[in-house]
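Single-structure report; data block below.
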Amino acid sequence: MSQRTLVLLKPDAVRRGLVGEIIGRIERKAGWSLRALELRTLDLATLEQHYSEHRGKPFYEPLVEFMSSGPSVALVVEGERVIEGLRALAGSTDPIAAAPGSIRGDFGTIVRENLVHASDSPESADREIKIFFPELG
Ligand code: IDP
Ligand code: MG
C-alpha cells in the first residue's frame, strides 16, 4: 500500500551535519522516494499548527523554541507502508530507549532533541503534508 508521510529533520540534525546520513537511510529503503524536500526555518504559526495536539503540555513551549532555533529539513516521502516504516526508522520518542539501529537510537540522547519527526498515521500525514507542502495536498 503506497502512502505519503511528512518527515522533519529537526534543527539538531541539521546543526550536527546529519542530513545526509538520515536522508541516506530513507533513500536506501527499496521503492521509497522523495516527493518534496526543503531547508526551512520553521515559524511559530507553522509549529503551532504542526504540534497543536501537544499545546498546554509541559514540554510544548521548549519544544517550539527548539524547533524554531535554526533550519529544519522538511520532506515528503512516498512508498510502501512508509508511515509505519518511517516511525520504525526513527525509533521511539526517547532516544535512550530507542532501539540501536534506529535514527534516534543511534544519534540521540535527550527527548526534545530527537532528530526527526515522522507522521504517526495516515490522518496525521494528510494534515501535516498540507501544512508544509500545500501544493501537494
Ligand atoms: P513523536 O515525535 O515520537 O511522535 P510526540 O509524543 O508526538 O513524539 O512528541 C513530539 C515531540 O515533542 C517529540 O518528538 C519530542 O521532540 C518532544 N517531546 C515529547 N515528549 C517530551 C518530553 O517528555 N520532554 C521533552 N520533549 C518531549
Ligand atoms: Mg507525534
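Just remember, in the C-alpha cells the first chain shown is A, the second B, etc., residues are 1-based per chain, and ligands are 1-based in the order shown.
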
Counting only C-alpha atoms and all ligand atoms, which protein, DNA or RNA residues come within 9 Å of ligand 2, given as a PDB file with N, CA and C atoms, in the first residue's frame?
ATOM      1  N   TYR A  51       2.185  21.110  15.908  1.00  0.00           N
ATOM      2  CA  TYR A  51       2.191  20.474  17.237  1.00  0.00           C
ATOM      3  C   TYR A  51       0.948  20.820  18.056  1.00  0.00           C
ATOM      4  N   GLU A  53      -1.617  19.210  18.913  1.00  0.00           N
ATOM      5  CA  GLU A  53      -2.047  18.181  19.879  1.00  0.00           C
ATOM      6  C   GLU A  53      -1.282  18.285  21.202  1.00  0.00           C
ATOM      7  N   HIS A  54      -0.115  18.928  21.192  1.00  0.00           N
ATOM      8  CA  HIS A  54       0.719  18.995  22.400  1.00  0.00           C
ATOM      9  C   HIS A  54       0.604  20.319  23.150  1.00  0.00           C
ATOM     10  N   THR A  93      10.292   7.762  20.860  1.00  0.00           N
ATOM     11  CA  THR A  93      10.468   9.193  21.134  1.00  0.00           C
ATOM     12  C   THR A  93      11.692   9.482  21.996  1.00  0.00           C
ATOM     13  N   HIS A 117      11.109  14.076  13.020  1.00  0.00           N
ATOM     14  CA  HIS A 117       9.669  13.900  13.168  1.00  0.00           C
ATOM     15  C   HIS A 117       9.204  13.045  12.002  1.00  0.00           C
ATOM     16  N   ALA A 118       8.235  12.155  12.254  1.00  0.00           N
ATOM     17  CA  ALA A 118       7.579  11.420  11.162  1.00  0.00           C
ATOM     18  C   ALA A 118       6.109  11.265  11.518  1.00  0.00           C
ATOM     19  N   SER A 119       5.230  11.506  10.570  1.00  0.00           N
ATOM     20  CA  SER A 119       3.779  11.402  10.796  1.00  0.00           C
ATOM     21  C   SER A 119       3.439  10.046  11.401  1.00  0.00           C
ATOM     22  N   ASP A 120       2.441  10.044  12.330  1.00  0.00           N
ATOM     23  CA  ASP A 120       2.146   8.811  13.065  1.00  0.00           C
ATOM     24  C   ASP A 120       0.933   8.034  12.540  1.00  0.00           C
ATOM     25  N   SER A 124      -2.691  11.950  10.210  1.00  0.00           N
ATOM     26  CA  SER A 124      -1.646  12.928  10.546  1.00  0.00           C
ATOM     27  C   SER A 124      -0.833  13.285   9.302  1.00  0.00           C
TER      28      SER A 124
END

Chain A residues near ligand 1 within 9 Å, closest pair each, using only C-alpha atoms and all ligand atoms, as a tab-separated table:
residue	atom	partner	partner_atom_place_in_ligand_line	distance
A:Lys10	CA	ligand 1	16 (O)	8.6
A:Tyr51	CA	ligand 1	10 (C)	7.2
A:Glu53	CA	ligand 1	7 (O)	8.1
A:His54	CA	ligand 1	9 (O)	7.2
A:Lys57	CA	ligand 1	20 (N)	8.8
A:Pro58	CA	ligand 1	24 (N)	7.7
A:Phe59	CA	ligand 1	25 (C)	4.9
A:Tyr60	CA	ligand 1	12 (O)	7.0
A:Pro62	CA	ligand 1	26 (N)	7.7
A:Leu63	CA	ligand 1	17 (C)	6.0
A:Val64	CA	ligand 1	12 (O)	8.7
A:Phe66	CA	ligand 1	16 (O)	8.8
A:Met67	CA	ligand 1	16 (O)	8.5
A:Arg87	CA	ligand 1	3 (O)	7.8
A:Ala90	CA	ligand 1	3 (O)	8.1
A:Gly91	CA	ligand 1	3 (O)	7.7
A:Ser92	CA	ligand 1	3 (O)	5.8
A:Thr93	CA	ligand 1	3 (O)	3.9
A:Asp94	CA	ligand 1	3 (O)	7.6
A:Ile110	CA	ligand 1	25 (C)	7.7
A:Val111	CA	ligand 1	26 (N)	4.9
A:Arg112	CA	ligand 1	26 (N)	3.7
A:Glu113	CA	ligand 1	16 (O)	5.5
A:Asn114	CA	ligand 1	16 (O)	5.5
A:Leu115	CA	ligand 1	16 (O)	7.8
A:Val116	CA	ligand 1	14 (O)	7.0
A:His117	CA	ligand 1	2 (O)	5.1
A:Ala118	CA	ligand 1	2 (O)	6.8
A:Ser119	CA	ligand 1	4 (O)	7.2
A:Asp120	CA	ligand 1	4 (O)	6.4

Enumerate as a PyMOL selection string all residues of chain A assigned to strand (DSSP E or B) by DSSP on the backbone, naming them with the chain letters and numbers the document uses. chain A and resi 2-9+33-40+72-80+100+102+116-118

For A:Gly79, which of A:Leu6, A:Leu34, A:Arg15, A:Phe132 is the closest residue, counting only C-alpha atoms? A:Leu34

Would you mind reading off the distance between atom CA of A:Ser2 and atom CA of A:Glu78, one decimal, in Å?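 Between atom CA of A:Ser2 and atom CA of A:Glu78 the gap is 6.8 Å.
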
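The residue that comes closest to A:Gly137, out of A:Val76, A:Ala99, A:Pro11, A:Arg25 and on the basis of only C-alpha atoms, is A:Val76.
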
Taking the backbone alone, and naming residues the way the document does, which bits of chain A are alpha helix (DSSP H) by DSSP, as an MDAnalysis selection string? chainID A and resid 11:15 19:27 44:50 60:67 82:90 103:107 122:132

Using only C-alpha atoms, pick whichever of A:Val7, A:Ile22, A:Met1, A:Arg35 has the shortest atom-to-atom distance to A:Asp106.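 Among A:Val7, A:Ile22, A:Met1, A:Arg35, it is A:Ile22 that comes nearest to A:Asp106.
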
Do a neighbour search on A:Leu37 at 8 Å with only C-alpha atoms, toss out local chain neighbours closer than 6 positions, and write the hits as a list in words.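 Residues meeting the cut-off are Val73, Ala74, Leu75 and Val76 of chain A.
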
Output for the residues just chosen: N, CA and C atoms as a PDB file, in the first residue's frame:
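The file below, result.pdb, is the result:
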ATOM      1  N   VAL A  73      14.917  20.426   7.903  1.00  0.00           N
ATOM      2  CA  VAL A  73      14.654  19.963   6.541  1.00  0.00           C
ATOM      3  C   VAL A  73      13.287  19.281   6.564  1.00  0.00           C
ATOM      4  N   ALA A  74      12.388  19.756   5.714  1.00  0.00           N
ATOM      5  CA  ALA A  74      11.057  19.154   5.594  1.00  0.00           C
ATOM      6  C   ALA A  74      11.036  18.295   4.340  1.00  0.00           C
ATOM      7  N   LEU A  75      10.471  17.093   4.482  1.00  0.00           N
ATOM      8  CA  LEU A  75      10.444  16.136   3.367  1.00  0.00           C
ATOM      9  C   LEU A  75       9.073  15.493   3.270  1.00  0.00           C
ATOM     10  N   VAL A  76       8.683  15.166   2.078  1.00  0.00           N
ATOM     11  CA  VAL A  76       7.582  14.223   1.888  1.00  0.00           C
ATOM     12  C   VAL A  76       8.181  12.983   1.246  1.00  0.00           C
TER      13      VAL A  76
END

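Each of A:Ser72, A:Ala30, A:Ala125, A:Pro95 was compared to A:Phe107 using only C-alpha atoms, and A:Pro95 turns out to be the nearest.
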
Atom CA of A:Glu27 to atom CA of A:Arg40: how many Å, to one decimal?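 Going from atom CA of A:Glu27 over to atom CA of A:Arg40, I get 20.4 Å.
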
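Take atom CA of A:Ile131 and atom CA of A:Gln49: the distance between them is 7.6 Å.
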